[in-house]
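Data first, discussion second: the structure below is written as structure tokens.
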Amino acid sequence: MTPTLVPHHPARDWAEIQERMLVPLYEAVYDRLDVGAGSRLLGLGCGSGLALLMAAARGARVAGVDRDHARVELARERLPEDVTVTEEPPEDLPYDVITAFHVRDGILPELRALTRTAQSGTAVVLADWGPPERCATEPVLRVAARLADRGPVPGIDLDALVAGAGLRPAGSGRVACPFGYADGASAVRGLLSTGVFDEAVRATEPSQVEKEIEEALAPYVRPDGTVWMPNVFRYVVARVP
């Protein structure tokens, strides 16, 4: 693959390259919960707003929260003016659906605080990678752990999060979300934009991180130069008691 340069706009790379990979997950969850006109949805870790945009297109009233200022700015650019996207969670929760499609370490206290004030019956959706053996991207993610000089990071236990937040389990599902890229350079930029490799970049040279990502991607490069990695994501649905 052609060597790449460290992306100067990871938030925009996320919006333009990577975020669309999870569209099947967003659609599956919205279908399951009948998100549409009359729904009030809050997206935690909403990124640059694609999932919110899809819910709004169904007629839902939406709002979003994300800690990344650059992603929040992009979300505000692409969403209607009446959609609120902030960097801090709202104090009151007049919502009937709360989504966290990009569950991260340390989310439990935030989740507890939000669901403590949410209305009874509010649906809460958490999502993360599916079984490692069904995620072609998993060997690439191991590069991040190795370069950051730490052991493999286990997948986030979504069911434990549900229990820890005091929520009532209400089902789960798995969705195929293949990662497809026009070429190796786009794949590297897209994967770097996820934030998974941030610690590795800080611990080593950025060029070394790119080189090792490219090497890990080699088995997934097709004859025409495109990159294709089948993945499965898992989501759980819970309810506020």
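Letters for chains follow the order of the structure tokens (A, B, ...), residue numbers begin at 1 for each chain, and ligand numbers begin at 1 in the order shown.
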
Run DSSP on the backbone and grab whatever in region 26-240 of chain A lands in strand (DSSP E); send it over as an NGL selection string.
:A and (40-44 or 61-65 or 84-86 or 97-100 or 123-129 or 168-176 or 179-181 or 227-229 or 232-239)

Skip Ala127 (chain A) itself and residues of its chain fewer than 3 positions away, then list as a PyMOL selection string all residues within 8 Å of it, counting only C-alpha atoms.
chain A and resi 100-103+158+233-236

Pull the helix (DSSP H, G or I) assignments for region 3-224 of chain A out of DSSP run on the backbone, and list those residues as a PyMOL selection string.
chain A and resi 10-32+50-57+69-78+108-117+132-134+138-147+158-164+184-192+198-203+206-220

Using only C-alpha atoms, can you tell me which of A:Gln18, A:Thr194, A:Ser39, A:Ser48 comes closest to Ala60 (chain A)?
A:Ser39

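In this comparison, which uses only C-alpha atoms, the residue of A:Asp198, A:Asp159, A:Asp183, A:Asp66 approaching Leu42 (chain A) most closely is A:Asp66.
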
Identify, on the basis of only C-alpha atoms, every residue whose closest approach to Ala28 (chain A) does not exceed 12 Å; exclude the query and any residue fewer than 3 positions from it along the same chain; express the result as a PDB file with N, CA, C and O atoms, in the first residue's frame.
ATOM      1  N   LEU A  22     -20.866   2.237  10.312  1.00  0.00           N
ATOM      2  CA  LEU A  22     -21.801   1.737  11.310  1.00  0.00           C
ATOM      3  C   LEU A  22     -23.259   2.023  10.964  1.00  0.00           C
ATOM      4  O   LEU A  22     -24.143   1.816  11.806  1.00  0.00           O
ATOM      5  N   VAL A  23     -23.520   2.457   9.749  1.00  0.00           N
ATOM      6  CA  VAL A  23     -24.900   2.708   9.330  1.00  0.00           C
ATOM      7  C   VAL A  23     -25.795   1.481   9.539  1.00  0.00           C
ATOM      8  O   VAL A  23     -26.930   1.613  10.020  1.00  0.00           O
ATOM      9  N   PRO A  24     -25.355   0.252   9.204  1.00  0.00           N
ATOM     10  CA  PRO A  24     -26.233  -0.903   9.452  1.00  0.00           C
ATOM     11  C   PRO A  24     -26.617  -1.056  10.925  1.00  0.00           C
ATOM     12  O   PRO A  24     -27.739  -1.469  11.236  1.00  0.00           O
ATOM     13  N   LEU A  25     -25.708  -0.725  11.831  1.00  0.00           N
ATOM     14  CA  LEU A  25     -25.993  -0.792  13.262  1.00  0.00           C
ATOM     15  C   LEU A  25     -27.057   0.231  13.640  1.00  0.00           C
ATOM     16  O   LEU A  25     -28.032  -0.089  14.338  1.00  0.00           O
ATOM     17  N   ASP A  31     -34.814   0.507  13.766  1.00  0.00           N
ATOM     18  CA  ASP A  31     -35.921  -0.361  13.367  1.00  0.00           C
ATOM     19  C   ASP A  31     -36.476  -1.107  14.574  1.00  0.00           C
ATOM     20  O   ASP A  31     -37.702  -1.224  14.743  1.00  0.00           O
ATOM     21  N   ARG A  32     -35.592  -1.636  15.406  1.00  0.00           N
ATOM     22  CA  ARG A  32     -36.029  -2.426  16.553  1.00  0.00           C
ATOM     23  C   ARG A  32     -36.846  -1.592  17.533  1.00  0.00           C
ATOM     24  O   ARG A  32     -37.818  -2.077  18.126  1.00  0.00           O
ATOM     25  N   LEU A  33     -36.462  -0.320  17.714  1.00  0.00           N
ATOM     26  CA  LEU A  33     -37.139   0.547  18.674  1.00  0.00           C
ATOM     27  C   LEU A  33     -38.197   1.424  18.034  1.00  0.00           C
ATOM     28  O   LEU A  33     -38.782   2.282  18.703  1.00  0.00           O
ATOM     29  N   ASP A  34     -38.448   1.212  16.740  1.00  0.00           N
ATOM     30  CA  ASP A  34     -39.456   2.011  16.017  1.00  0.00           C
ATOM     31  C   ASP A  34     -39.202   3.505  16.163  1.00  0.00           C
ATOM     32  O   ASP A  34     -40.126   4.297  16.400  1.00  0.00           O
ATOM     33  N   VAL A  35     -37.952   3.913  16.027  1.00  0.00           N
ATOM     34  CA  VAL A  35     -37.622   5.335  16.100  1.00  0.00           C
ATOM     35  C   VAL A  35     -38.227   6.044  14.899  1.00  0.00           C
ATOM     36  O   VAL A  35     -38.031   5.636  13.751  1.00  0.00           O
ATOM     37  N   ALA A  51     -25.577   9.383  12.993  1.00  0.00           N
ATOM     38  CA  ALA A  51     -26.676   8.628  13.593  1.00  0.00           C
ATOM     39  C   ALA A  51     -27.835   9.555  13.957  1.00  0.00           C
ATOM     40  O   ALA A  51     -29.007   9.195  13.799  1.00  0.00           O
ATOM     41  N   MET A  54     -29.730  10.456  10.791  1.00  0.00           N
ATOM     42  CA  MET A  54     -30.581   9.368  10.333  1.00  0.00           C
ATOM     43  C   MET A  54     -31.862   9.287  11.164  1.00  0.00           C
ATOM     44  O   MET A  54     -32.944   9.032  10.631  1.00  0.00           O
ATOM     45  N   ALA A  55     -31.740   9.510  12.479  1.00  0.00           N
ATOM     46  CA  ALA A  55     -32.932   9.497  13.325  1.00  0.00           C
ATOM     47  C   ALA A  55     -33.839  10.676  13.002  1.00  0.00           C
ATOM     48  O   ALA A  55     -35.067  10.541  12.956  1.00  0.00           O
ATOM     49  N   PHE A 101     -23.697   4.363  20.781  1.00  0.00           N
ATOM     50  CA  PHE A 101     -23.229   3.449  19.737  1.00  0.00           C
ATOM     51  C   PHE A 101     -21.722   3.233  19.791  1.00  0.00           C
ATOM     52  O   PHE A 101     -21.217   2.296  19.172  1.00  0.00           O
ATOM     53  N   VAL A 125     -29.576   2.101  24.665  1.00  0.00           N
ATOM     54  CA  VAL A 125     -28.906   1.173  23.757  1.00  0.00           C
ATOM     55  C   VAL A 125     -27.398   1.378  23.857  1.00  0.00           C
ATOM     56  O   VAL A 125     -26.906   2.505  23.721  1.00  0.00           O
ATOM     57  N   ALA A 127     -23.601  -0.229  22.419  1.00  0.00           N
ATOM     58  CA  ALA A 127     -23.059  -1.064  21.343  1.00  0.00           C
ATOM     59  C   ALA A 127     -21.540  -1.076  21.382  1.00  0.00           C
ATOM     60  O   ALA A 127     -20.897  -0.115  21.805  1.00  0.00           O
ATOM     61  N   SER A 172     -31.027  -7.981  22.948  1.00  0.00           N
ATOM     62  CA  SER A 172     -29.746  -7.679  22.316  1.00  0.00           C
ATOM     63  C   SER A 172     -29.793  -8.134  20.859  1.00  0.00           C
ATOM     64  O   SER A 172     -30.739  -8.795  20.433  1.00  0.00           O
ATOM     65  N   GLY A 173     -28.771  -7.768  20.105  1.00  0.00           N
ATOM     66  CA  GLY A 173     -28.710  -8.174  18.712  1.00  0.00           C
ATOM     67  C   GLY A 173     -27.301  -8.029  18.171  1.00  0.00           C
ATOM     68  O   GLY A 173     -26.438  -7.403  18.796  1.00  0.00           O
ATOM     69  N   ARG A 174     -27.069  -8.649  17.018  1.00  0.00           N
ATOM     70  CA  ARG A 174     -25.782  -8.530  16.331  1.00  0.00           C
ATOM     71  C   ARG A 174     -26.034  -8.046  14.910  1.00  0.00           C
ATOM     72  O   ARG A 174     -27.022  -8.437  14.279  1.00  0.00           O
ATOM     73  N   VAL A 175     -25.133  -7.206  14.429  1.00  0.00           N
ATOM     74  CA  VAL A 175     -25.306  -6.594  13.111  1.00  0.00           C
ATOM     75  C   VAL A 175     -23.986  -6.641  12.352  1.00  0.00           C
ATOM     76  O   VAL A 175     -22.930  -6.301  12.906  1.00  0.00           O
ATOM     77  N   ALA A 176     -24.026  -7.056  11.114  1.00  0.00           N
ATOM     78  CA  ALA A 176     -22.830  -7.038  10.266  1.00  0.00           C
ATOM     79  C   ALA A 176     -22.528  -5.604   9.849  1.00  0.00           C
ATOM     80  O   ALA A 176     -23.383  -4.919   9.289  1.00  0.00           O
ATOM     81  N   CYS A 177     -21.310  -5.166  10.138  1.00  0.00           N
ATOM     82  CA  CYS A 177     -20.863  -3.821   9.765  1.00  0.00           C
ATOM     83  C   CYS A 177     -19.491  -3.932   9.105  1.00  0.00           C
ATOM     84  O   CYS A 177     -18.453  -3.667   9.740  1.00  0.00           O
ATOM     85  N   PHE A 233     -20.989  -6.249  14.951  1.00  0.00           N
ATOM     86  CA  PHE A 233     -21.135  -5.454  16.167  1.00  0.00           C
ATOM     87  C   PHE A 233     -22.315  -5.985  16.977  1.00  0.00           C
ATOM     88  O   PHE A 233     -23.275  -6.521  16.420  1.00  0.00           O
ATOM     89  N   ARG A 234     -22.211  -5.853  18.289  1.00  0.00           N
ATOM     90  CA  ARG A 234     -23.293  -6.291  19.178  1.00  0.00           C
ATOM     91  C   ARG A 234     -23.887  -5.082  19.882  1.00  0.00           C
ATOM     92  O   ARG A 234     -23.162  -4.153  20.261  1.00  0.00           O
ATOM     93  N   TYR A 235     -25.192  -5.095  20.057  1.00  0.00           N
ATOM     94  CA  TYR A 235     -25.844  -4.048  20.838  1.00  0.00           C
ATOM     95  C   TYR A 235     -26.760  -4.695  21.875  1.00  0.00           C
ATOM     96  O   TYR A 235     -27.225  -5.829  21.700  1.00  0.00           O
ATOM     97  N   VAL A 236     -26.977  -3.990  22.968  1.00  0.00           N
ATOM     98  CA  VAL A 236     -27.935  -4.425  23.970  1.00  0.00           C
ATOM     99  C   VAL A 236     -28.953  -3.307  24.169  1.00  0.00           C
ATOM    100  O   VAL A 236     -28.633  -2.116  24.059  1.00  0.00           O
ATOM    101  N   VAL A 237     -30.181  -3.712  24.435  1.00  0.00           N
ATOM    102  CA  VAL A 237     -31.253  -2.767  24.737  1.00  0.00           C
ATOM    103  C   VAL A 237     -31.634  -2.946  26.203  1.00  0.00           C
ATOM    104  O   VAL A 237     -31.791  -4.083  26.672  1.00  0.00           O
TER     105      VAL A 237
END

Sorted by chain and rising residue number, list the residues of region 107-130 of chain A at most 9 Å from region 78-97 of chain A (counting only C-alpha atoms), each with its closest atom pair and distance in Å to one decimal, as JSON lines.
{"residue": "A:Glu110", "atom": "CA", "partner": "A:Pro89", "partner_atom": "CA", "distance": 8.2}
{"residue": "A:Leu114", "atom": "CA", "partner": "A:Leu93", "partner_atom": "CA", "distance": 7.4}
{"residue": "A:Thr115", "atom": "CA", "partner": "A:Leu93", "partner_atom": "CA", "distance": 8.4}
{"residue": "A:Thr117", "atom": "CA", "partner": "A:Leu93", "partner_atom": "CA", "distance": 6.5}
{"residue": "A:Ala118", "atom": "CA", "partner": "A:Leu93", "partner_atom": "CA", "distance": 5.3}
{"residue": "A:Gln119", "atom": "CA", "partner": "A:Asp96", "partner_atom": "CA", "distance": 7.4}
{"residue": "A:Ser120", "atom": "CA", "partner": "A:Asp96", "partner_atom": "CA", "distance": 8.9}
{"residue": "A:Gly121", "atom": "CA", "partner": "A:Asp96", "partner_atom": "CA", "distance": 7.4}
{"residue": "A:Thr122", "atom": "CA", "partner": "A:Asp96", "partner_atom": "CA", "distance": 4.5}
{"residue": "A:Ala123", "atom": "CA", "partner": "A:Val97", "partner_atom": "CA", "distance": 4.7}
{"residue": "A:Val124", "atom": "CA", "partner": "A:Val97", "partner_atom": "CA", "distance": 5.9}
{"residue": "A:Val125", "atom": "CA", "partner": "A:Val97", "partner_atom": "CA", "distance": 7.8}

From the set A:Glu27, A:Ser193, A:Arg112, A:Ala185, which residue has the shortest atom-to-atom contact distance to Leu167 (chain A), counting only C-alpha atoms?
A:Arg112

Straight-line distance linking CA of Thr137 (chain A) with CA of Asn231 (chain A), stated in Å to one decimal:
6.9 Å

Of A:Arg104, A:Arg189, A:Arg116, A:Arg146, the one sitting nearest Ala15 (chain A) when using only C-alpha atoms is A:Arg189

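Of the residues listed (A:Gly49, A:Leu147, A:Leu108, A:Trp228), A:Leu147 shows the shortest atom-to-atom separation from Val201 (chain A); distances use only C-alpha atoms.
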
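Between Val143 (chain A) and the residues A:Gly130, A:Leu111, A:Val162, A:Glu210, the shortest atom-to-atom distance, using only C-alpha atoms, involves A:Glu210.
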